[in-house]
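Scroll down for the structure; my scribbles are underneath it.
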Amino acid sequence: MDDRIWEAGWNRAQKLLKKGRVQTLYLASDADEAFAATVCAAAKAAGISPDQTKTGDRLAEMAGVEVFTAVLTEVKKDQ
């Protein structure tokens, strides 16, 4: 069973980045360029390189939602 924790959306991702809780940050390969630049800059500041290999539709599927998802975060498990 897949027990990973997923959080969809940029607002949630920003909070998780600040807390150091991001395992993987996915950024849709078809996200708006200006938005993608903002996400990449924030990720870089947190020492993370976003995975941009999936489309927004694929990220939505992974998140279990029915709308385009530009950012999806896999949250680090409590240690």
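Scheme for the structure tokens: letters A, B, ... for chains in order shown; per-chain residue numbers from 1; ligand numbers from 1 in order shown.
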- Task: List the neighbours of Leu25 (chain A) out to 7 Å using only C-alpha atoms; skip same-chain residues closer than 4 positions along the sequence, and give me the result as number ranges by chain.
- Result: A: 50-51, 72-74
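Residues in contact with Leu59 (chain A) at up to 6 Å, not including ones fewer than 3 positions away on its chain and judged by only C-alpha atoms, are Gly56, Met62 and Thr69 of chain A.
Counting only C-alpha atoms, region 2-16 of chain A has the following residues at most 10 Å away, ignoring those fewer than 4 positions along the same chain: Gly20, Arg21, Val22, Gln23, Thr24, Leu25, Tyr26, Leu27, Phe35, Val39, Ala42, Ala43, Ala46, Leu59, Ala60, Met62, Ala63, Gly64, Val65, Thr69, Ala70, Val71, Leu72, Thr73, Glu74, Val75, Lys76 and Lys77 of chain A.
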* Asked: Between CA of Gly47 (chain A) and CA of Lys18 (chain A), what is the spacing in Å?
  ->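 It comes out at 10.8 Å.
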If you run DSSP on this backbone, which residues of chain A come out as helix (DSSP H, G or I), and could you give them as JSON, numbers by chain? {"A": [10, 11, 12, 13, 14, 15, 16, 17, 18, 19, 33, 34, 35, 36, 37, 38, 39, 40, 41, 42, 43, 44, 45, 56, 57, 58, 59, 60, 61, 62, 63]}
Looking at A:Asp78, A:Glu61, A:Glu66, A:Lys54, which one is nearest to Ala28 (chain A), with distances taken over only C-alpha atoms?
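Checking each of A:Asp78, A:Glu61, A:Glu66, A:Lys54 against Ala28 (chain A), counting only C-alpha atoms, the winner is A:Lys54.
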Students should find that CA of Ala34 (chain A) and CA of Thr55 (chain A) are spaced 16.3 Å
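The space separating CA of Ala37 (chain A) from CA of Gln52 (chain A) comes to 11.9 Å.
Residues of chain A that DSSP places in strand (DSSP E or B), based on the backbone of this structure, are A:Ile5, A:Trp6, A:Glu7, A:Ala8, A:Val22, A:Gln23, A:Thr24, A:Leu25, A:Tyr26, A:Leu27, A:Asp51, A:Val71, A:Leu72, A:Thr73, A:Glu74, A:Val75.
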Please produce a file of those selected residues containing N, CA, C and O atoms, as a PDB file, in the first residue's frame.
ATOM      1  N   ILE A   5       2.387  10.749   1.804  1.00  0.00           N
ATOM      2  CA  ILE A   5       1.484  11.862   2.082  1.00  0.00           C
ATOM      3  C   ILE A   5       1.670  12.894   0.981  1.00  0.00           C
ATOM      4  O   ILE A   5       2.782  13.360   0.737  1.00  0.00           O
ATOM      5  N   TRP A   6       0.580  13.251   0.312  1.00  0.00           N
ATOM      6  CA  TRP A   6       0.595  14.219  -0.786  1.00  0.00           C
ATOM      7  C   TRP A   6      -0.167  15.467  -0.384  1.00  0.00           C
ATOM      8  O   TRP A   6      -1.224  15.379   0.233  1.00  0.00           O
ATOM      9  N   GLU A   7       0.363  16.610  -0.752  1.00  0.00           N
ATOM     10  CA  GLU A   7      -0.312  17.892  -0.548  1.00  0.00           C
ATOM     11  C   GLU A   7      -0.305  18.628  -1.885  1.00  0.00           C
ATOM     12  O   GLU A   7       0.759  18.835  -2.474  1.00  0.00           O
ATOM     13  N   ALA A   8      -1.478  19.000  -2.361  1.00  0.00           N
ATOM     14  CA  ALA A   8      -1.585  19.712  -3.626  1.00  0.00           C
ATOM     15  C   ALA A   8      -1.661  21.216  -3.371  1.00  0.00           C
ATOM     16  O   ALA A   8      -2.237  21.661  -2.378  1.00  0.00           O
ATOM     17  N   VAL A  22       9.537  18.957   2.967  1.00  0.00           N
ATOM     18  CA  VAL A  22       9.336  18.502   1.588  1.00  0.00           C
ATOM     19  C   VAL A  22      10.273  17.344   1.256  1.00  0.00           C
ATOM     20  O   VAL A  22      11.495  17.484   1.320  1.00  0.00           O
ATOM     21  N   GLN A  23       9.685  16.220   0.903  1.00  0.00           N
ATOM     22  CA  GLN A  23      10.456  15.075   0.415  1.00  0.00           C
ATOM     23  C   GLN A  23      10.732  15.283  -1.071  1.00  0.00           C
ATOM     24  O   GLN A  23      11.861  15.219  -1.520  1.00  0.00           O
ATOM     25  N   THR A  24       9.660  15.521  -1.836  1.00  0.00           N
ATOM     26  CA  THR A  24       9.762  15.782  -3.268  1.00  0.00           C
ATOM     27  C   THR A  24       8.776  16.879  -3.631  1.00  0.00           C
ATOM     28  O   THR A  24       7.629  16.840  -3.182  1.00  0.00           O
ATOM     29  N   LEU A  25       9.219  17.826  -4.423  1.00  0.00           N
ATOM     30  CA  LEU A  25       8.344  18.891  -4.909  1.00  0.00           C
ATOM     31  C   LEU A  25       8.176  18.696  -6.403  1.00  0.00           C
ATOM     32  O   LEU A  25       9.154  18.732  -7.151  1.00  0.00           O
ATOM     33  N   TYR A  26       6.940  18.458  -6.819  1.00  0.00           N
ATOM     34  CA  TYR A  26       6.632  18.291  -8.231  1.00  0.00           C
ATOM     35  C   TYR A  26       6.060  19.597  -8.769  1.00  0.00           C
ATOM     36  O   TYR A  26       5.176  20.193  -8.153  1.00  0.00           O
ATOM     37  N   LEU A  27       6.572  20.023  -9.905  1.00  0.00           N
ATOM     38  CA  LEU A  27       6.090  21.206 -10.604  1.00  0.00           C
ATOM     39  C   LEU A  27       5.687  20.756 -11.997  1.00  0.00           C
ATOM     40  O   LEU A  27       6.488  20.144 -12.712  1.00  0.00           O
ATOM     41  N   ASP A  51      10.895  18.420  -9.355  1.00  0.00           N
ATOM     42  CA  ASP A  51      10.747  17.405 -10.396  1.00  0.00           C
ATOM     43  C   ASP A  51       9.727  17.956 -11.389  1.00  0.00           C
ATOM     44  O   ASP A  51       8.576  18.178 -11.034  1.00  0.00           O
ATOM     45  N   VAL A  71       1.409  22.246  -8.684  1.00  0.00           N
ATOM     46  CA  VAL A  71       2.395  21.888  -7.656  1.00  0.00           C
ATOM     47  C   VAL A  71       1.829  20.772  -6.782  1.00  0.00           C
ATOM     48  O   VAL A  71       0.704  20.852  -6.303  1.00  0.00           O
ATOM     49  N   LEU A  72       2.651  19.754  -6.587  1.00  0.00           N
ATOM     50  CA  LEU A  72       2.290  18.645  -5.706  1.00  0.00           C
ATOM     51  C   LEU A  72       3.507  18.342  -4.839  1.00  0.00           C
ATOM     52  O   LEU A  72       4.626  18.251  -5.349  1.00  0.00           O
ATOM     53  N   THR A  73       3.283  18.222  -3.557  1.00  0.00           N
ATOM     54  CA  THR A  73       4.372  17.978  -2.617  1.00  0.00           C
ATOM     55  C   THR A  73       4.219  16.616  -1.964  1.00  0.00           C
ATOM     56  O   THR A  73       3.142  16.279  -1.478  1.00  0.00           O
ATOM     57  N   GLU A  74       5.304  15.862  -1.966  1.00  0.00           N
ATOM     58  CA  GLU A  74       5.357  14.647  -1.153  1.00  0.00           C
ATOM     59  C   GLU A  74       5.999  15.064   0.159  1.00  0.00           C
ATOM     60  O   GLU A  74       7.104  15.588   0.197  1.00  0.00           O
ATOM     61  N   VAL A  75       5.258  14.869   1.247  1.00  0.00           N
ATOM     62  CA  VAL A  75       5.675  15.334   2.556  1.00  0.00           C
ATOM     63  C   VAL A  75       6.570  14.302   3.231  1.00  0.00           C
ATOM     64  O   VAL A  75       6.311  13.111   3.177  1.00  0.00           O
TER      65      VAL A  75
END
